[in-house]
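Here is coords_5.txt, consisting of compact mmCIF, C-alpha atoms:
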```txt
# COMPACT_ATOMS: atom_id res chain seq x y z
CA MET A 159 -18.28 -44.78 11.94
CA PHE A 160 -15.55 -46.10 14.19
CA ASN A 161 -13.04 -45.81 11.41
CA LYS A 162 -13.97 -42.24 10.93
CA LYS A 163 -13.55 -41.56 14.60
CA ASN A 164 -10.14 -43.15 14.61
CA ARG A 165 -9.07 -41.21 11.61
CA ASN A 166 -10.16 -37.99 13.24
CA ASN A 167 -8.16 -38.86 16.30
CA SER A 168 -5.04 -39.53 14.30
CA ASP A 169 -5.60 -36.29 12.40
CA ASN A 170 -5.79 -34.49 15.68
CA THR A 171 -2.59 -35.99 16.98
CA GLN A 172 -0.99 -35.15 13.66
CA VAL A 173 -2.12 -31.56 13.98
CA SER A 174 -1.02 -31.21 17.56
CA SER A 175 2.36 -32.78 16.81
CA ASN A 176 2.72 -30.31 13.94
CA MET A 177 1.86 -27.58 16.39
CA ALA A 178 4.48 -28.86 18.79
CA THR A 179 7.11 -28.94 16.03
CA LYS A 180 6.16 -25.45 15.02
CA GLN A 181 6.47 -24.31 18.61
CA VAL A 182 9.93 -25.83 18.91
CA ARG A 183 11.08 -24.24 15.65
CA TYR A 184 9.69 -20.90 16.73
CA GLU A 185 11.38 -20.97 20.11
CA ALA A 186 14.67 -21.90 18.49
CA LEU A 187 14.34 -18.99 16.07
CA VAL A 188 13.51 -16.54 18.85
CA LYS A 189 16.43 -17.66 20.99
CA ALA A 190 18.97 -17.68 18.19
CA LEU A 191 17.99 -14.53 16.35
CA HIS A 192 16.11 -12.08 18.58
CA GLY A 193 19.36 -10.27 19.47
CA ASP A 194 20.40 -9.74 15.86
CA LEU A 195 16.89 -8.67 14.95
CA TYR A 196 16.71 -6.22 17.84
CA ARG A 197 20.03 -4.64 16.94
CA TYR A 198 19.03 -4.40 13.33
CA GLY A 199 15.76 -2.79 14.36
CA TYR A 200 17.61 -0.45 16.64
CA TRP A 201 19.88 0.78 13.87
CA LEU A 202 16.93 1.22 11.55
CA THR A 203 14.92 3.24 14.03
CA HIS A 204 17.45 4.65 16.52
CA ASP A 205 14.93 3.98 19.23
CA LYS A 206 15.08 1.15 21.75
CA GLN A 207 11.37 0.98 22.41
CA VAL A 208 10.41 1.10 18.76
CA ALA A 209 13.05 -1.52 18.00
CA GLU A 210 11.55 -3.79 20.62
CA ASP A 211 8.04 -3.30 19.25
CA LEU A 212 9.30 -4.01 15.76
CA VAL A 213 10.92 -7.24 16.87
CA GLN A 214 7.72 -8.33 18.60
CA GLU A 215 5.64 -7.57 15.52
CA THR A 216 8.19 -9.34 13.33
CA PHE A 217 8.14 -12.52 15.38
CA LEU A 218 4.35 -12.55 15.56
CA ARG A 219 4.20 -12.39 11.79
CA ALA A 220 6.93 -14.97 11.57
CA TRP A 221 4.88 -17.33 13.74
CA ARG A 222 1.88 -17.02 11.47
CA ALA A 223 3.96 -17.61 8.35
CA LEU A 224 6.38 -20.12 9.86
CA ASP A 225 5.23 -22.93 7.59
CA SER A 226 6.44 -20.98 4.59
CA LEU A 227 10.00 -20.97 5.92
CA LYS A 228 11.53 -24.08 4.37
CA ASP A 229 15.24 -23.41 4.75
CA GLU A 230 16.42 -22.72 8.27
CA LYS A 231 19.59 -21.15 6.92
CA ALA A 232 17.49 -18.46 5.29
CA ALA A 233 15.71 -17.73 8.57
CA LYS A 234 17.70 -14.65 9.49
CA SER A 235 17.34 -12.86 6.18
CA TRP A 236 13.67 -13.90 6.11
CA LEU A 237 13.14 -12.28 9.51
CA ILE A 238 15.10 -9.19 8.49
CA THR A 239 12.87 -8.85 5.45
CA ILE A 240 9.78 -9.05 7.66
CA LEU A 241 11.26 -6.48 10.03
CA ARG A 242 12.09 -4.06 7.23
CA ARG A 243 8.54 -4.40 5.94
CA GLU A 244 7.14 -3.79 9.42
CA ASN A 245 9.32 -0.73 9.72
CA ALA A 246 8.10 0.62 6.40
CA ARG A 247 4.54 -0.01 7.54
CA ARG A 248 5.25 1.91 10.73
CA PHE A 249 6.29 4.88 8.62
CA GLU A 250 3.08 4.68 6.63
CA ARG A 251 1.06 4.65 9.83
CA LYS A 252 2.97 7.39 11.55
CA ARG A 253 3.84 9.58 8.65
CA PHE A 254 1.83 12.43 10.10
CA ASP A 255 3.00 12.31 13.65
CA MET A 256 6.62 11.42 13.09
CA SER A 257 8.94 13.99 14.48
CA GLU A 258 12.53 14.32 13.48
CA TYR A 259 14.59 12.38 15.93
CA GLU A 260 16.89 14.45 17.98
CA GLU A 261 20.47 13.46 18.02
CA ALA A 262 20.70 13.79 21.77
CA SER A 263 18.08 11.12 22.22
CA ILE A 264 19.72 8.63 19.90
CA MET A 265 22.17 7.31 22.42
CA ASP A 266 22.02 6.99 26.07
CA THR A 267 25.25 8.32 27.41
CA GLN A 268 24.56 7.65 31.02
CA SER A 269 26.46 4.41 31.35
CA THR A 270 29.64 5.44 29.60
CA THR A 271 32.21 4.53 32.14
CA THR A 272 35.21 2.97 30.48
CA GLU A 273 37.23 4.50 27.70
CA GLN A 274 36.15 1.69 25.44
CA GLU A 275 32.54 2.62 25.96
CA ILE A 276 33.19 6.27 25.34
CA GLU A 277 34.72 5.32 22.03
CA ASN A 278 31.80 3.05 21.24
CA ASP A 279 29.38 5.85 21.96
CA TRP A 280 31.28 8.23 19.78
CA LEU A 281 31.23 5.75 16.93
CA ARG A 282 27.55 4.94 17.48
CA ASN A 283 26.72 8.58 17.09
CA LYS A 284 28.63 8.72 13.86
CA ILE A 285 26.92 5.59 12.55
CA ALA A 286 23.55 7.04 13.51
CA GLN A 287 24.36 10.17 11.56
CA LEU A 288 25.01 8.25 8.35
CA PRO A 289 22.23 8.55 5.79
CA PRO A 290 20.03 5.45 6.22
CA GLU A 291 20.76 4.22 2.71
CA TYR A 292 24.44 4.01 3.71
CA SER A 293 24.04 2.70 7.23
CA GLU A 294 21.66 -0.09 6.35
CA PRO A 295 24.01 -2.01 4.04
CA LEU A 296 26.81 -1.42 6.55
CA ILE A 297 24.78 -2.93 9.38
CA LEU A 298 23.89 -5.92 7.22
CA GLN A 299 27.52 -6.42 6.25
CA VAL A 300 29.24 -5.86 9.58
CA LEU A 301 26.61 -7.10 12.01
CA GLY A 302 24.77 -9.55 9.80
CA GLY A 303 27.83 -10.91 8.03
CA TYR A 304 26.12 -10.78 4.64
CA SER A 305 27.95 -10.57 1.34
CA GLY A 306 27.40 -7.81 -1.19
CA GLU A 307 25.15 -10.12 -3.24
CA ASP A 308 23.06 -11.05 -0.20
CA ILE A 309 22.60 -7.43 0.77
CA ALA A 310 21.72 -6.49 -2.79
CA SER A 311 18.95 -9.07 -2.91
CA MET A 312 17.66 -8.20 0.57
CA LEU A 313 17.49 -4.49 -0.16
CA ASP A 314 16.38 -5.00 -3.73
CA LEU A 315 19.33 -3.06 -5.14
CA ASN A 316 22.00 -4.04 -7.60
CA LYS A 317 25.30 -5.18 -6.21
CA ASN A 318 27.36 -2.27 -7.54
CA THR A 319 25.06 0.18 -5.79
CA VAL A 320 25.46 -1.73 -2.56
CA MET A 321 29.26 -1.78 -2.84
CA THR A 322 29.33 1.95 -3.55
CA ARG A 323 27.16 2.66 -0.54
CA LEU A 324 29.35 0.50 1.65
CA PHE A 325 32.41 2.39 0.43
CA ARG A 326 30.73 5.72 1.18
CA ALA A 327 29.59 4.60 4.60
CA ARG A 328 33.10 3.63 5.69
CA ASN A 329 34.57 6.64 3.98
CA GLN A 330 32.31 9.00 5.91
CA LEU A 331 33.08 7.27 9.18
CA LYS A 332 36.82 7.51 8.50
CA ASP A 333 36.47 11.17 7.56
CA ALA A 334 34.68 11.87 10.80
CA LEU A 335 37.42 10.08 12.64
CA GLU A 336 40.15 12.07 10.92
CA LYS A 337 38.43 15.33 11.80
CA GLU A 338 38.78 14.43 15.43
CA PRO A 339 42.43 13.52 15.76
CA GLU A 340 42.14 12.59 19.41
CA LYS A 341 40.01 9.67 18.31
CA MET A 342 42.55 8.57 15.76
CA ARG A 343 44.49 6.42 18.12
CA PHE A 344 41.70 4.00 18.77
CA ILE A 345 41.73 2.80 15.24
CA HIS A 346 45.41 2.02 15.50
CA GLU A 347 45.67 0.70 18.98
CA MET B 14 19.30 11.87 -0.21
CA SER B 15 19.57 12.43 -3.91
CA LYS B 16 22.79 14.31 -3.47
CA ASN B 17 24.36 11.35 -1.78
CA THR B 18 23.18 8.73 -4.18
CA THR B 19 23.53 10.37 -7.56
CA SER B 20 26.58 8.39 -8.55
CA ASP B 21 25.78 5.15 -6.76
CA ASN B 22 26.42 3.24 -9.91
CA ALA B 23 29.98 4.48 -10.23
CA THR B 24 31.09 1.08 -9.16
CA PRO B 25 34.32 0.07 -7.53
CA LYS B 26 36.01 -2.04 -10.15
CA SER B 27 37.45 -5.21 -8.81
CA THR B 28 37.85 -6.90 -12.12
CA LEU B 29 41.14 -5.33 -13.10
CA SER B 30 44.10 -7.63 -13.33
CA THR B 31 46.07 -8.02 -10.13
CA SER B 32 49.36 -6.42 -11.07
CA ASN B 33 48.11 -3.06 -12.18
CA MET B 34 45.23 -2.44 -9.76
CA ASP B 35 45.51 1.25 -9.05
CA ASP B 36 45.26 2.82 -5.62
CA LEU B 37 41.83 4.34 -6.12
CA THR B 38 40.24 1.12 -7.31
CA PHE B 39 41.80 -0.78 -4.46
CA ARG B 40 40.66 1.85 -1.99
CA ARG B 41 37.10 1.71 -3.19
CA SER B 42 37.04 -2.07 -3.06
CA ILE B 43 38.61 -2.40 0.33
CA TYR B 44 36.38 0.29 1.81
CA ALA B 45 33.37 -1.52 0.42
CA ASP B 46 34.48 -4.83 1.91
CA PRO B 47 37.59 -4.91 4.09
CA ASN B 48 37.34 -8.68 4.46
CA SER B 49 37.09 -9.28 0.74
CA GLN B 50 38.49 -12.62 -0.28
CA GLU B 51 38.50 -11.84 -3.97
CA THR B 52 41.72 -13.01 -5.56
CA ASP B 53 42.70 -9.71 -7.17
CA ILE B 54 42.25 -7.85 -3.88
CA ILE B 55 44.37 -10.39 -2.01
CA ALA B 56 46.99 -10.29 -4.77
CA ALA B 57 47.10 -6.50 -4.72
CA GLN B 58 47.69 -6.59 -0.96
CA ASP B 59 50.48 -9.11 -1.36
CA ALA B 60 52.13 -6.96 -4.00
CA ASP B 61 51.97 -3.70 -2.06
CA PRO B 62 52.62 -3.44 1.71
CA ALA B 63 50.83 -0.07 1.86
CA LYS B 64 47.65 -1.69 0.52
CA LYS B 65 48.01 -4.49 2.98
CA GLN B 66 48.28 -2.00 5.80
CA LEU B 67 45.20 -0.11 4.66
CA ALA B 68 43.27 -3.39 4.53
CA GLN B 69 44.36 -4.35 8.04
CA GLU B 70 43.53 -0.91 9.34
CA LEU B 71 40.06 -1.14 7.87
CA CYS B 72 39.55 -4.61 9.30
CA GLN B 73 40.35 -3.24 12.73
CA PHE B 74 38.04 -0.33 12.12
CA ASP B 75 35.32 -2.77 11.13
CA GLU B 76 35.84 -4.60 14.38
CA LYS B 77 35.26 -1.29 16.20
CA ILE B 78 32.17 -0.60 14.17
CA LYS B 79 30.91 -4.06 14.98
CA GLN B 80 31.46 -3.54 18.70
CA ALA B 81 29.71 -0.20 18.52
CA MET B 82 26.79 -1.69 16.65
CA LYS B 83 26.30 -4.40 19.22
CA VAL B 84 23.96 -2.42 21.41
CA ASP B 85 22.63 -4.17 24.48
CA VAL B 86 19.65 -6.36 23.84
CA PRO B 87 16.99 -6.09 26.55
CA GLU B 88 17.37 -9.15 28.74
CA ASP B 89 13.69 -9.92 28.93
CA LEU B 90 13.06 -9.56 25.20
CA CYS B 91 13.38 -13.29 24.51
CA ASP B 92 10.89 -14.19 27.24
CA LYS B 93 8.52 -11.47 26.11
CA LEU B 94 8.55 -12.80 22.57
CA LEU B 95 7.82 -16.34 23.68
CA LEU B 96 5.08 -15.23 26.04
CA ARG B 97 3.41 -13.03 23.48
CA GLN B 98 3.39 -15.80 20.93
CA THR B 99 1.74 -18.16 23.42
CA PHE B 100 -1.08 -15.71 23.99
CA ALA B 101 -1.39 -14.82 20.33
CA SER B 102 -1.68 -18.40 19.15
CA HIS B 103 -4.13 -19.15 21.93
CA ARG B 104 -6.30 -16.26 20.78
CA GLN B 105 -5.98 -17.46 17.22
CA GLU B 106 -7.18 -20.94 18.18
CA LYS B 107 -10.18 -19.51 19.98
CA ARG B 108 -11.04 -17.29 17.09
CA LYS B 109 -10.76 -20.24 14.73
CA SER B 110 -13.17 -22.36 16.75
CA ARG B 111 -15.63 -19.49 16.95
CA ILE B 112 -15.47 -19.12 13.18
CA HIS B 113 -16.14 -22.83 12.78
CA LEU B 114 -19.13 -22.61 15.08
CA ALA B 115 -20.49 -19.62 13.22
CA LEU B 116 -20.03 -21.40 9.91
CA ALA B 117 -21.83 -24.50 11.15
CA ALA B 118 -24.68 -22.37 12.45
CA SER B 119 -24.99 -20.51 9.17
CA VAL B 120 -25.06 -23.74 7.19
CA ALA B 121 -27.74 -25.14 9.49
CA ILE B 122 -29.88 -22.04 9.11
CA VAL B 123 -29.57 -22.03 5.33
CA ALA B 124 -30.38 -25.74 5.19
CA GLY B 125 -33.43 -25.14 7.35
CA LEU B 126 -34.64 -22.32 5.14
CA VAL B 127 -34.16 -24.38 1.98
CA VAL B 128 -36.09 -27.34 3.40
CA ASN B 129 -38.80 -25.02 4.57
CA TYR B 130 -39.02 -23.38 1.20
CA LEU B 131 -39.14 -26.65 -0.70
CA GLN B 132 -41.70 -28.20 1.60
CA PHE B 133 -44.19 -25.40 1.93
CA SER B 134 -43.93 -23.45 -1.23
CA SER B 135 -46.35 -24.42 -3.94
CA SER B 136 -44.77 -25.38 -7.16
CA TYR B 137 -48.04 -24.99 -9.05
CA ASN B 138 -49.65 -21.66 -9.55
CA ASN B 139 -53.10 -22.53 -10.74
CA LEU B 140 -55.82 -24.98 -9.80
CA GLY B 141 -55.82 -26.79 -13.12
CA ASP B 142 -52.14 -27.67 -13.18
CA TYR B 143 -52.25 -28.96 -9.68
CA ALA B 144 -55.44 -30.93 -10.25
CA LEU B 145 -53.95 -32.67 -13.29
CA ALA B 146 -50.75 -33.48 -11.41
CA HIS B 147 -52.76 -34.81 -8.49
CA VAL B 148 -54.85 -37.06 -10.68
CA TYR B 149 -51.81 -38.45 -12.46
CA HIS B 150 -50.16 -39.08 -9.14
CA GLU B 151 -53.08 -41.17 -7.89
CA GLN B 152 -54.01 -42.75 -11.19
CA SER B 153 -52.67 -46.14 -10.18
CA ALA B 154 -54.61 -46.08 -6.88
CA PHE B 155 -58.01 -46.22 -8.54
CA SER B 156 -59.40 -48.24 -11.38
CA ASN B 157 -62.66 -47.83 -13.26
CA ASN B 158 -63.40 -51.47 -12.43
CA ASP B 159 -63.10 -51.11 -8.67
CA ASN B 160 -66.10 -52.61 -6.96
CA THR B 161 -66.06 -50.54 -3.81
CA ARG B 162 -68.88 -48.03 -3.56
CA VAL B 163 -69.40 -45.15 -1.17
CA ASN B 164 -72.98 -44.26 -0.26
CA LEU B 165 -74.45 -40.81 -0.16
CA ALA B 166 -74.67 -40.67 3.64
CA SER B 167 -70.94 -41.17 4.21
CA LEU B 168 -70.15 -38.79 1.36
CA ASN B 169 -72.30 -36.10 2.94
CA LYS B 170 -70.68 -36.73 6.32
CA LYS B 171 -67.40 -35.79 4.74
CA MET B 172 -68.95 -32.91 2.81
CA ALA B 173 -70.07 -31.43 6.13
CA THR B 174 -66.51 -30.20 6.61
CA PHE B 175 -67.10 -27.88 3.69
CA SER B 176 -70.61 -26.93 4.91
CA GLY B 177 -72.12 -28.60 1.89
CA SER B 178 -74.03 -31.72 0.90
CA PHE B 179 -75.30 -33.54 -2.15
CA THR B 180 -79.01 -34.19 -2.50
CA GLN B 181 -78.75 -37.41 -4.53
CA PRO B 182 -76.04 -39.77 -5.72
CA MET B 183 -74.29 -38.39 -8.77
CA GLY B 184 -73.08 -41.72 -10.13
CA GLU B 185 -71.11 -44.71 -8.92
CA LEU B 186 -68.80 -43.32 -6.29
CA ILE B 187 -65.71 -45.53 -5.94
CA SER B 188 -63.91 -43.52 -3.31
CA ALA B 189 -64.42 -40.40 -1.21
CA ASP B 190 -61.67 -39.23 1.04
CA TYR B 191 -59.94 -36.18 2.35
CA CYS B 192 -56.69 -35.33 0.69
CA ARG B 193 -54.13 -32.58 0.62
CA PHE B 194 -54.72 -30.40 -2.38
CA ASP B 195 -51.49 -28.43 -2.54
CA GLY B 196 -51.51 -28.08 1.22
CA MET B 197 -55.27 -27.50 1.56
CA LYS B 198 -57.56 -30.05 3.14
CA SER B 199 -59.88 -31.13 0.34
CA LEU B 200 -62.34 -33.83 -0.56
CA HIS B 201 -61.27 -36.17 -3.29
CA LEU B 202 -64.10 -38.08 -5.00
CA VAL B 203 -63.56 -40.79 -7.58
CA PHE B 204 -66.52 -41.81 -9.75
CA LYS B 205 -66.86 -44.60 -12.23
CA GLY B 206 -66.72 -43.08 -15.68
CA ILE B 207 -67.26 -44.28 -19.25
CA THR B 208 -63.74 -45.47 -19.96
CA ASP B 209 -61.83 -44.34 -16.86
CA THR B 210 -62.47 -42.83 -13.47
CA VAL B 211 -63.78 -39.32 -13.09
CA THR B 212 -62.25 -37.28 -10.30
CA VAL B 213 -64.07 -34.54 -8.45
CA PHE B 214 -62.23 -32.27 -6.00
CA VAL B 215 -64.00 -30.15 -3.48
CA ILE B 216 -61.43 -27.60 -2.28
CA PRO B 217 -61.69 -24.62 -0.01
CA LYS B 218 -61.31 -21.21 -1.58
CA GLU B 219 -57.71 -20.15 -1.34
CA GLU B 220 -55.83 -17.32 -2.83
CA HIS B 221 -52.55 -18.97 -3.61
CA LEU B 222 -53.73 -21.00 -6.62
CA ALA B 223 -55.25 -19.04 -9.46
CA PHE B 224 -58.70 -20.13 -10.50
CA THR B 225 -58.81 -21.75 -13.92
CA SER B 226 -62.23 -22.54 -15.29
CA THR B 227 -61.08 -25.09 -17.86
CA PHE B 228 -57.84 -26.93 -18.24
CA SER B 229 -56.55 -29.92 -20.12
CA ASP B 230 -53.54 -31.76 -21.39
CA ASP B 231 -53.09 -34.56 -23.93
CA ASN B 232 -55.08 -37.11 -21.93
CA LEU B 233 -57.17 -35.32 -19.36
CA GLN B 234 -59.53 -32.40 -19.29
CA GLY B 235 -60.95 -30.51 -16.38
CA GLU B 236 -63.40 -27.82 -15.44
CA SER B 237 -63.82 -25.78 -12.30
CA LEU B 238 -66.97 -24.49 -10.68
CA SER B 239 -66.71 -21.72 -8.22
CA PHE B 240 -69.12 -21.66 -5.29
CA LYS B 241 -69.25 -19.28 -2.41
CA HIS B 242 -67.20 -21.35 0.01
CA ALA B 243 -65.48 -23.85 -2.21
CA ASN B 244 -64.36 -24.70 -5.70
CA VAL B 245 -65.43 -27.93 -7.30
CA LEU B 246 -63.16 -29.37 -9.95
CA VAL B 247 -64.03 -32.22 -12.28
CA VAL B 248 -61.19 -34.02 -14.02
CA ALA B 249 -61.78 -36.85 -16.47
CA ASP B 250 -60.47 -38.30 -19.70
CA LYS B 251 -61.60 -36.92 -23.03
CA ASN B 252 -64.44 -39.42 -23.42
CA GLU B 253 -66.43 -37.84 -20.63
CA SER B 254 -68.79 -34.93 -21.07
CA LEU B 255 -67.54 -32.51 -18.47
CA SER B 256 -70.49 -30.16 -18.88
CA GLN B 257 -72.78 -33.09 -18.02
CA TRP B 258 -70.80 -33.69 -14.83
CA GLN B 259 -70.75 -30.02 -14.00
CA ARG B 260 -74.47 -29.79 -14.37
CA THR B 261 -75.01 -32.83 -12.14
CA VAL B 262 -72.78 -31.34 -9.47
CA ASN B 263 -74.38 -27.97 -9.75
CA ASP B 264 -77.87 -29.42 -9.47
CA ASN B 265 -77.08 -31.69 -6.56
CA ILE B 266 -74.88 -29.61 -4.34
CA SER B 267 -76.31 -27.44 -1.62
CA TRP B 268 -74.55 -25.30 0.93
CA SER B 269 -75.67 -24.98 4.50
CA ILE B 270 -74.38 -21.46 4.96
```

Now, as a test, write the supplied structure out as structure tokens.
Amino acid sequence: MFNKKNRNNSDNTQVSSNMATKQVRYEALVKALHGDLYRYGYWLTHDKQVAEDLVQETFLRAWRALDSLKDEKAAKSWLITILRRENARRFERKRFDMSEYEEASIMDTQSTTTEQEIENDWLRNKIAQLPPEYSEPLILQVLGGYSGEDIASMLDLNKNTVMTRLFRARNQLKDALEKEPEKMRFIHE
Amino acid sequence: MSKNTTSDNATPKSTLSTSNMDDLTFRRSIYADPNSQETDIIAAQDADPAKKQLAQELCQFDEKIKQAMKVDVPEDLCDKLLLRQTFASHRQEKRKSRIHLALAASVAIVAGLVVNYLQFSSSYNNLGDYALAHVYHEQSAFSNNDNTRVNLASLNKKMATFSGSFTQPMGELISADYCRFDGMKSLHLVFKGITDTVTVFVIPKEEHLAFTSTFSDDNLQGESLSFKHANVLVVADKNESLSQWQRTVNDNISWSI
């Protein structure tokens, strides 16, 4: 009887210490990766609010499944996978009331003060205009720092396809740049 | 979409030997990954200053792209995420404990029903089967050689419960007591018999056991008599004449109502 009680107590402390560890892991993940996740979500959706919702949904799911994450190094791609799935789910839910996004609403142009920011905005618009199957690998490569193999496995594509899409993405951006010669200098400066 | 992806598998070839990597192949490779560290790409750059320049240009372009991609992250997002998780896991805990409570309650209810069912349901469906089982159960309690005797007066006192009485003693009565006959209050009489005791049950009329006029198994036999307010069952071994007993009962018993 007393033994049982003691065992229960130690089980409880075990559980609560597991909970505490989980909490610490979770907070570390949030702090380290929420920015990357948000930006990734933003480039997937072109909408700040939706990106924020996606990140919240992603981290909630991550919390529930945190025990299945064994390798902390894989955390970022794990979270990105969850976020992509959430985004796909969002499309299923909203297929009927999705409206085509308008280019004007993609970027906020209100705070473009410096020349650098004007250039950034110009480039953001061009990135946003890339077909999603080109922009997504580019975001993963440039922002996420993933290799062609990594991207291929995350997007469930073969590596050659990924490399071709990356080539096309940069090629289209360069083309756009060359059509607007006044922008040319900022690539060479 | 299909227009853009039709030739996705036309792959940039980076497997050509370093010296003769042509411009197009190099271009495709370097556009796909400006920071490529593959040996043939590096070698091609070293061999051709124009390629090196293209690679550097693209690296700078990548840096621009990266800056452009780094949109501002809402400052409060981190706090929001942590806060939301706190609430969510709290809710989850509460839900869990409610589920446990509900489970415990369900188990308790089912256990209660099962006990109830086992205790109060009759596992026999006719008088004969139950009577035999009852006699076997109490076989060891009585012996044909018991010397205790119950007189007619105390027997009739007990029979009053069933609004009946016996006019004269029917034999040597070893025991007369109330008992539970499959849940019904009954009178259980044990008489001295030829080789073993003879058991007579006086039981109220009830619907839930089917009336069986005669019944037997390998050792015992029994007969039932149906009266207006009660059934009288006689159970004895095969040496007894049940019809004799039945007649005695029938002749002696009288009902007050």

Kindly compute an axis-aligned box around the listed atoms of stretch 209-223 of chain A, allowing 4 Å on each side, and express its centre and edge lengths in Å to one decimal as JSON.
```
{"center_x": 7.5, "center_y": -9.6, "center_z": 14.5, "size_x": 19.2, "size_y": 24.1, "size_z": 20.3}
```

Write out as number ranges by chain which residues come within 9 Å of B:Asn164 when counting all atoms listed in the file, dropping same-chain ones fewer than 3 positions away. B: 167-169, 182, 185-186

Which polymer residues have any atom within 12 Å of an atom of B:Lys83, counting all atoms listed in the file, with same-chain residues fewer than 2 positions away left out, as number ranges by chain? A: 193-201, 275, 278-279, 281-282, 297, 300-302; B: 76-81, 85-87

For chain A against chain B, which residues fall within 9 Å using only C-alpha atoms, given as a VMD selection string? chain A and resid 184 to 185 188 to 189 192 to 194 196 to 198 200 to 201 206 210 213 to 214 217 to 218 221 to 222 275 277 to 282 285 289 291 296 to 297 299 to 301 305 to 306 316 318 to 329 332 344 to 346

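The coordinates place atom CA of A:Pro295 at 27.9 Å from atom CA of B:Asp59.
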